[in-house]
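Chemist: As input, take upload24.cif (mmCIF, C-alpha atoms):
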data_query
loop_
_atom_site.label_atom_id
_atom_site.label_comp_id
_atom_site.auth_asym_id
_atom_site.auth_seq_id
_atom_site.Cartn_x
_atom_site.Cartn_y
_atom_site.Cartn_z
CA MET A 1 -107.13 39.65 -136.63
CA ASP A 2 -108.99 37.27 -134.37
CA TYR A 3 -111.08 39.86 -132.53
CA GLU A 4 -113.59 37.29 -131.31
CA GLY A 5 -110.73 35.29 -129.81
CA ARG A 6 -109.36 38.37 -128.08
CA ILE A 7 -112.77 39.17 -126.61
CA ALA A 8 -113.13 35.54 -125.49
CA ARG A 9 -109.75 35.70 -123.71
CA LEU A 10 -110.81 38.91 -121.96
CA ARG A 11 -114.07 37.25 -120.94
CA ASP A 12 -112.00 34.42 -119.37
CA ALA A 13 -109.94 37.00 -117.44
CA LEU A 14 -112.97 38.72 -115.90
CA ALA A 15 -113.47 36.12 -113.16
CA GLY A 16 -110.00 36.78 -111.77
CA ALA A 17 -110.90 40.45 -111.45
CA GLU A 18 -114.17 39.53 -109.69
CA VAL A 19 -116.31 41.22 -112.33
CA ASP A 20 -118.85 39.85 -114.79
CA ALA A 21 -118.40 42.58 -117.38
CA LEU A 22 -115.83 45.19 -118.36
CA LEU A 23 -116.44 48.61 -119.87
CA VAL A 24 -113.36 49.24 -122.01
CA THR A 25 -112.75 52.96 -122.54
CA ASN A 26 -109.05 53.05 -123.39
CA LEU A 27 -109.12 53.57 -127.17
CA THR A 28 -105.97 51.49 -127.70
CA ASN A 29 -107.66 48.61 -125.90
CA VAL A 30 -110.90 49.13 -127.82
CA ARG A 31 -108.96 48.91 -131.08
CA TYR A 32 -107.12 45.78 -129.93
CA LEU A 33 -110.38 44.05 -129.00
CA CYS A 34 -112.67 44.97 -131.90
CA GLY A 35 -110.71 46.88 -134.55
CA PHE A 36 -112.30 50.32 -134.15
CA SER A 37 -110.03 53.32 -134.63
CA GLY A 38 -111.55 56.69 -133.87
CA THR A 39 -111.84 59.19 -131.06
CA ASN A 40 -115.09 57.99 -129.48
CA GLY A 41 -115.79 54.37 -128.79
CA GLN A 42 -116.42 52.15 -125.80
CA LEU A 43 -116.70 48.38 -125.65
CA LEU A 44 -118.77 46.49 -123.09
CA VAL A 45 -117.68 42.87 -122.75
CA THR A 46 -120.07 40.68 -120.77
CA SER A 47 -120.27 36.98 -120.10
CA SER A 48 -122.69 36.61 -123.01
CA GLY A 49 -121.45 39.06 -125.63
CA ALA A 50 -119.78 42.31 -126.56
CA THR A 51 -121.28 45.64 -127.59
CA PHE A 52 -119.41 48.54 -129.15
CA PHE A 53 -120.87 51.99 -128.40
CA THR A 54 -120.25 55.22 -130.28
CA ASP A 55 -122.00 58.41 -131.31
CA PRO A 56 -123.58 59.13 -134.72
CA ARG A 57 -120.40 60.64 -136.18
CA TYR A 58 -118.86 57.17 -136.28
CA ARG A 59 -121.85 55.12 -137.47
CA ALA A 60 -120.33 54.29 -140.88
CA ARG A 61 -116.78 53.91 -139.58
CA ALA A 62 -117.91 51.53 -136.85
CA GLY A 63 -119.81 49.48 -139.42
CA ASP A 64 -116.66 49.17 -141.51
CA LEU A 65 -114.19 48.45 -138.70
CA VAL A 66 -115.81 46.79 -135.69
CA GLN A 67 -115.58 43.01 -135.57
CA GLY A 68 -116.67 40.55 -132.91
CA ALA A 69 -119.14 42.93 -131.26
CA GLU A 70 -122.61 44.26 -131.81
CA ILE A 71 -122.65 47.99 -132.66
CA GLU A 72 -124.89 50.46 -130.87
CA VAL A 73 -124.92 54.14 -131.81
CA TYR A 74 -126.24 56.37 -129.02
CA ASP A 75 -127.80 59.72 -129.79
CA VAL A 76 -126.87 61.75 -126.72
CA ASN A 77 -125.52 59.79 -123.75
CA LEU A 78 -123.60 56.56 -123.43
CA HIS A 79 -125.35 55.71 -120.17
CA ASP A 80 -128.78 55.63 -121.84
CA SER A 81 -127.64 52.80 -124.12
CA LEU A 82 -125.38 51.13 -121.57
CA LYS A 83 -127.86 50.79 -118.70
CA PRO A 84 -130.17 48.15 -120.24
CA ARG A 85 -127.17 46.00 -121.19
CA LEU A 86 -125.71 45.75 -117.69
CA GLY A 87 -128.39 43.67 -115.97
CA GLY A 88 -127.28 42.65 -112.52
CA GLU A 89 -123.70 42.15 -113.51
CA ARG A 90 -120.72 43.43 -111.56
CA THR A 91 -119.19 45.81 -114.06
CA GLY A 92 -115.52 46.65 -114.13
CA ILE A 93 -113.90 49.76 -115.53
CA GLU A 94 -110.35 50.48 -116.61
CA ALA A 95 -109.09 52.37 -113.58
CA ALA A 96 -106.08 53.83 -115.39
CA THR A 97 -108.30 55.39 -118.06
CA MET A 98 -111.53 56.49 -116.42
CA THR A 99 -111.46 59.55 -114.18
CA VAL A 100 -112.97 59.50 -110.72
CA ALA A 101 -115.49 62.13 -111.86
CA THR A 102 -116.60 60.06 -114.85
CA LYS A 103 -116.89 56.95 -112.68
CA ALA A 104 -119.06 58.79 -110.17
CA GLN A 105 -121.22 60.26 -112.93
CA LEU A 106 -121.74 56.87 -114.59
CA GLU A 107 -122.51 55.17 -111.29
CA GLY A 108 -125.18 57.78 -110.60
CA LYS A 109 -126.75 57.51 -114.04
CA LEU A 110 -126.52 53.72 -114.26
CA GLU A 111 -127.43 53.09 -110.61
CA VAL A 112 -124.67 50.51 -110.27
CA GLU A 113 -121.33 50.29 -108.53
CA LEU A 114 -118.45 50.17 -110.98
CA THR A 115 -115.40 48.16 -109.95
CA PRO A 116 -111.95 49.47 -110.86
CA THR A 117 -109.75 46.93 -112.64
CA LYS A 118 -106.12 47.04 -113.61
CA ASN A 119 -104.40 45.84 -116.80
CA LEU A 120 -106.94 43.22 -117.89
CA VAL A 121 -106.60 44.06 -121.58
CA GLU A 122 -102.98 45.15 -121.34
CA ASN A 123 -102.04 41.71 -119.98
CA LEU A 124 -103.68 40.12 -123.03
CA ARG A 125 -101.89 42.50 -125.39
CA ARG A 126 -98.50 41.35 -124.09
CA THR A 127 -98.88 37.95 -125.73
CA LYS A 128 -98.82 38.24 -129.50
CA ASP A 129 -100.96 35.98 -131.65
CA ALA A 130 -99.66 34.32 -134.84
CA GLU A 131 -100.88 37.14 -137.12
CA GLU A 132 -99.19 39.78 -134.96
CA VAL A 133 -95.93 37.82 -134.94
CA SER A 134 -95.97 37.41 -138.72
CA ARG A 135 -96.49 41.15 -139.22
#
Just give me the structure as structure tokens.

Modeler:
Amino acid sequence: MDYEGRIARLRDALAGAEVDALLVTNLTNVRYLCGFSGTNGQLLVTSSGATFFTDPRYRARAGDLVQGAEIEVYDVNLHDSLKPRLGGERTGIEAATMTVATKAQLEGKLEVELTPTKNLVENLRRTKDAEEVSR
């Protein structure tokens, strides 16, 4: 799969959503974008790169599966690893996946305002690439 191409297409779609970065928390979307399959993984896509986050249980699995993104394993809290990667960017979240409580908690810990987005990755998934069509 062309994971780097998928991430690049998402990066192109961010401007239309008026965000500079997107925190992808829907596991189906995470898998589509970087290949990770597991029960805990988040992908931050920024204008300059992509970082996959997970906890220590998935260190080896992430190393085997994740493509097109840097891997960061956090010990306790996602927000501790996420905060230094945000910079001054307007960060979007997947509104259909993240609860209001989680959004509020992350905003407090990260000291940023998170912008709800809708269907950014799902819109990309609708168009199948050549490898998907051949399968």

Chemist: Write out as number ranges by chain each polymer residue whose atoms come within 9 Å of Glu18 (chain A), counting all atoms listed in the file; drop sequence neighbours fewer than 2 positions from it.

Modeler: A: 14-16, 20, 90, 92, 115

Chemist: With C-alpha atoms retained, write the just-selected residues as an mmCIF file, in the frame of the given file.

Modeler:
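This went into part-v6.cif:
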data_model
loop_
_atom_site.group_PDB
_atom_site.id
_atom_site.type_symbol
_atom_site.label_atom_id
_atom_site.label_comp_id
_atom_site.auth_asym_id
_atom_site.auth_seq_id
_atom_site.Cartn_x
_atom_site.Cartn_y
_atom_site.Cartn_z
ATOM 1 C CA LEU A 14 -112.970 38.720 -115.900
ATOM 2 C CA ALA A 15 -113.470 36.120 -113.160
ATOM 3 C CA GLY A 16 -110.000 36.780 -111.770
ATOM 4 C CA ASP A 20 -118.850 39.850 -114.790
ATOM 5 C CA ARG A 90 -120.720 43.430 -111.560
ATOM 6 C CA GLY A 92 -115.520 46.650 -114.130
ATOM 7 C CA THR A 115 -115.400 48.160 -109.950
#

Chemist: With the file shown as input, list the residues that the PyMOL selection byres ((chain A and resi 42) around 8) selects, as a list in words.

Modeler: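 That expression, the PyMOL selection byres ((chain A and resi 42) around 8), corresponds here to Leu23, Val24, Thr25, Asn26, Leu27, Val30, Asn40, Gly41, Leu43, Leu44, Phe52, Phe53 and Thr54 of chain A.
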
Chemist: Would you pick out the contacts of Asn123 (chain A) at 12 Å or less, using all atoms listed in the file, so that residues sharing its chain but fewer than 6 positions from it are not included, and give the list as a list in words?

Modeler: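 What passes the distance filter is Arg6, Arg9, Leu10, Ala13, Asn29, Tyr32 and Thr117 of chain A.
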
Chemist: Give the answer as one residue: which of A:Val112, A:Leu106, A:Ala8, A:Ala96 has the shortest atom-to-atom distance to Asp80 (chain A), using all atoms listed in the file?

Modeler: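 Selected residue with least distance to Asp80 (chain A): A:Leu106.
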
Chemist: Taking (-112.4, 53.0, -133.8) in the coordinates of the supplied file, I want to know which residues reach to within 8 Å of it, counting all atoms listed in the file; could you give the answer as a list in words?

Modeler: Leu27, Val30, Arg31, Gly35, Phe36, Ser37, Gly38, Thr39, Asn40, Gly41, Arg61, Ala62, Leu65 and Val66 of chain A

Chemist: Written as a list in words, what is the full residue list that the PyMOL selection byres ((chain A and resi 56) around 10) yields on the file shown?

Modeler: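 Checking the PyMOL selection byres ((chain A and resi 56) around 10) against this file, the residues are Phe53, Thr54, Asp55, Arg57, Tyr58, Arg59, Ala60, Arg61, Ala62, Glu72, Val73, Tyr74, Asp75 and Val76 of chain A.
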
Chemist: What does the file look like for those residues with C-alpha atoms, as a PDB file, in the coordinates of the input?

Modeler:
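To be explicit, this is the file written out as out_15.pdb:
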ATOM      1  CA  PHE A  53    -120.870  51.990-128.400  1.00  0.00           C
ATOM      2  CA  THR A  54    -120.250  55.220-130.280  1.00  0.00           C
ATOM      3  CA  ASP A  55    -122.000  58.410-131.310  1.00  0.00           C
ATOM      4  CA  ARG A  57    -120.400  60.640-136.180  1.00  0.00           C
ATOM      5  CA  TYR A  58    -118.860  57.170-136.280  1.00  0.00           C
ATOM      6  CA  ARG A  59    -121.850  55.120-137.470  1.00  0.00           C
ATOM      7  CA  ALA A  60    -120.330  54.290-140.880  1.00  0.00           C
ATOM      8  CA  ARG A  61    -116.780  53.910-139.580  1.00  0.00           C
ATOM      9  CA  ALA A  62    -117.910  51.530-136.850  1.00  0.00           C
ATOM     10  CA  GLU A  72    -124.890  50.460-130.870  1.00  0.00           C
ATOM     11  CA  VAL A  73    -124.920  54.140-131.810  1.00  0.00           C
ATOM     12  CA  TYR A  74    -126.240  56.370-129.020  1.00  0.00           C
ATOM     13  CA  ASP A  75    -127.800  59.720-129.790  1.00  0.00           C
ATOM     14  CA  VAL A  76    -126.870  61.750-126.720  1.00  0.00           C
TER      15      VAL A  76
END

Chemist: Taking into account all atoms listed in the file, which residue in the set A:Ala101, A:Ile93, A:Cys34, A:Leu124 is nearest to Val19 (chain A)?

Modeler: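 Among A:Ala101, A:Ile93, A:Cys34, A:Leu124, it is A:Ile93 that comes nearest to Val19 (chain A).
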
Chemist: To one decimal place in Å, what is the distance between CA of Ala95 (chain A) and CA of Ser81 (chain A)?

Modeler: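 The value is 21.3 Å.
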
Chemist: Please indicate the distance in Å from CA of Thr46 (chain A) to CA of Leu120 (chain A), rounded to one decimal place.

Modeler: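 So the answer is 13.7 Å.
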
Chemist: Find, counting only C-alpha atoms, the residue in A:Asp64, A:Asp2, A:Glu89, A:Glu122 that gets nearest to Val45 (chain A).

Modeler: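 Nearest candidate to Val45 (chain A) out of A:Asp64, A:Asp2, A:Glu89, A:Glu122: A:Glu89.
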
Chemist: My structure is short of atoms at region 22-37 of chain A; please model N, CA, C and O atoms there, returning them as a JSON list (two decimals), keeping the file's coordinate frame.

Modeler:
[["chain", "number", "residue", "atom", "x", "y", "z"],
["A", 22, "LEU", "N", -116.83, 44.12, -118.37],
["A", 22, "LEU", "CA", -115.83, 45.19, -118.36],
["A", 22, "LEU", "C", -116.21, 46.23, -119.39],
["A", 22, "LEU", "O", -116.48, 45.90, -120.55],
["A", 23, "LEU", "N", -116.24, 47.49, -118.95],
["A", 23, "LEU", "CA", -116.44, 48.61, -119.87],
["A", 23, "LEU", "C", -115.05, 49.11, -120.26],
["A", 23, "LEU", "O", -114.33, 49.68, -119.45],
["A", 24, "VAL", "N", -114.68, 48.86, -121.50],
["A", 24, "VAL", "CA", -113.36, 49.24, -122.01],
["A", 24, "VAL", "C", -113.47, 50.63, -122.62],
["A", 24, "VAL", "O", -114.23, 50.84, -123.57],
["A", 25, "THR", "N", -112.71, 51.58, -122.07],
["A", 25, "THR", "CA", -112.75, 52.96, -122.54],
["A", 25, "THR", "C", -111.42, 53.44, -123.09],
["A", 25, "THR", "O", -111.36, 54.48, -123.75],
["A", 26, "ASN", "N", -110.35, 52.71, -122.83],
["A", 26, "ASN", "CA", -109.05, 53.05, -123.39],
["A", 26, "ASN", "C", -109.10, 52.74, -124.89],
["A", 26, "ASN", "O", -109.31, 51.59, -125.28],
["A", 27, "LEU", "N", -108.94, 53.76, -125.72],
["A", 27, "LEU", "CA", -109.12, 53.57, -127.17],
["A", 27, "LEU", "C", -108.12, 52.59, -127.78],
["A", 27, "LEU", "O", -108.45, 51.91, -128.74],
["A", 28, "THR", "N", -106.93, 52.49, -127.22],
["A", 28, "THR", "CA", -105.97, 51.49, -127.70],
["A", 28, "THR", "C", -106.51, 50.09, -127.43],
["A", 28, "THR", "O", -106.42, 49.20, -128.28],
["A", 29, "ASN", "N", -107.09, 49.91, -126.26],
["A", 29, "ASN", "CA", -107.66, 48.61, -125.90],
["A", 29, "ASN", "C", -108.91, 48.30, -126.72],
["A", 29, "ASN", "O", -109.13, 47.15, -127.11],
["A", 30, "VAL", "N", -109.72, 49.32, -126.98],
["A", 30, "VAL", "CA", -110.90, 49.13, -127.82],
["A", 30, "VAL", "C", -110.46, 48.65, -129.20],
["A", 30, "VAL", "O", -111.02, 47.69, -129.75],
["A", 31, "ARG", "N", -109.45, 49.30, -129.76],
["A", 31, "ARG", "CA", -108.96, 48.91, -131.08],
["A", 31, "ARG", "C", -108.42, 47.48, -131.07],
["A", 31, "ARG", "O", -108.67, 46.70, -131.99],
["A", 32, "TYR", "N", -107.68, 47.13, -130.05],
["A", 32, "TYR", "CA", -107.12, 45.78, -129.93],
["A", 32, "TYR", "C", -108.23, 44.73, -129.90],
["A", 32, "TYR", "O", -108.12, 43.68, -130.52],
["A", 33, "LEU", "N", -109.31, 45.03, -129.20],
["A", 33, "LEU", "CA", -110.38, 44.05, -129.00],
["A", 33, "LEU", "C", -111.36, 43.93, -130.16],
["A", 33, "LEU", "O", -111.91, 42.85, -130.39],
["A", 34, "CYS", "N", -111.63, 45.05, -130.87],
["A", 34, "CYS", "CA", -112.67, 44.97, -131.90],
["A", 34, "CYS", "C", -112.31, 45.65, -133.22],
["A", 34, "CYS", "O", -113.10, 45.62, -134.16],
["A", 35, "GLY", "N", -111.16, 46.31, -133.29],
["A", 35, "GLY", "CA", -110.71, 46.88, -134.55],
["A", 35, "GLY", "C", -111.09, 48.33, -134.80],
["A", 35, "GLY", "O", -110.65, 48.91, -135.79],
["A", 36, "PHE", "N", -111.86, 48.95, -133.91],
["A", 36, "PHE", "CA", -112.30, 50.32, -134.15],
["A", 36, "PHE", "C", -111.16, 51.30, -133.89],
["A", 36, "PHE", "O", -110.48, 51.23, -132.87],
["A", 37, "SER", "N", -110.97, 52.22, -134.83],
["A", 37, "SER", "CA", -110.03, 53.32, -134.63],
["A", 37, "SER", "C", -110.79, 54.61, -134.85],
["A", 37, "SER", "O", -111.38, 54.83, -135.90]]
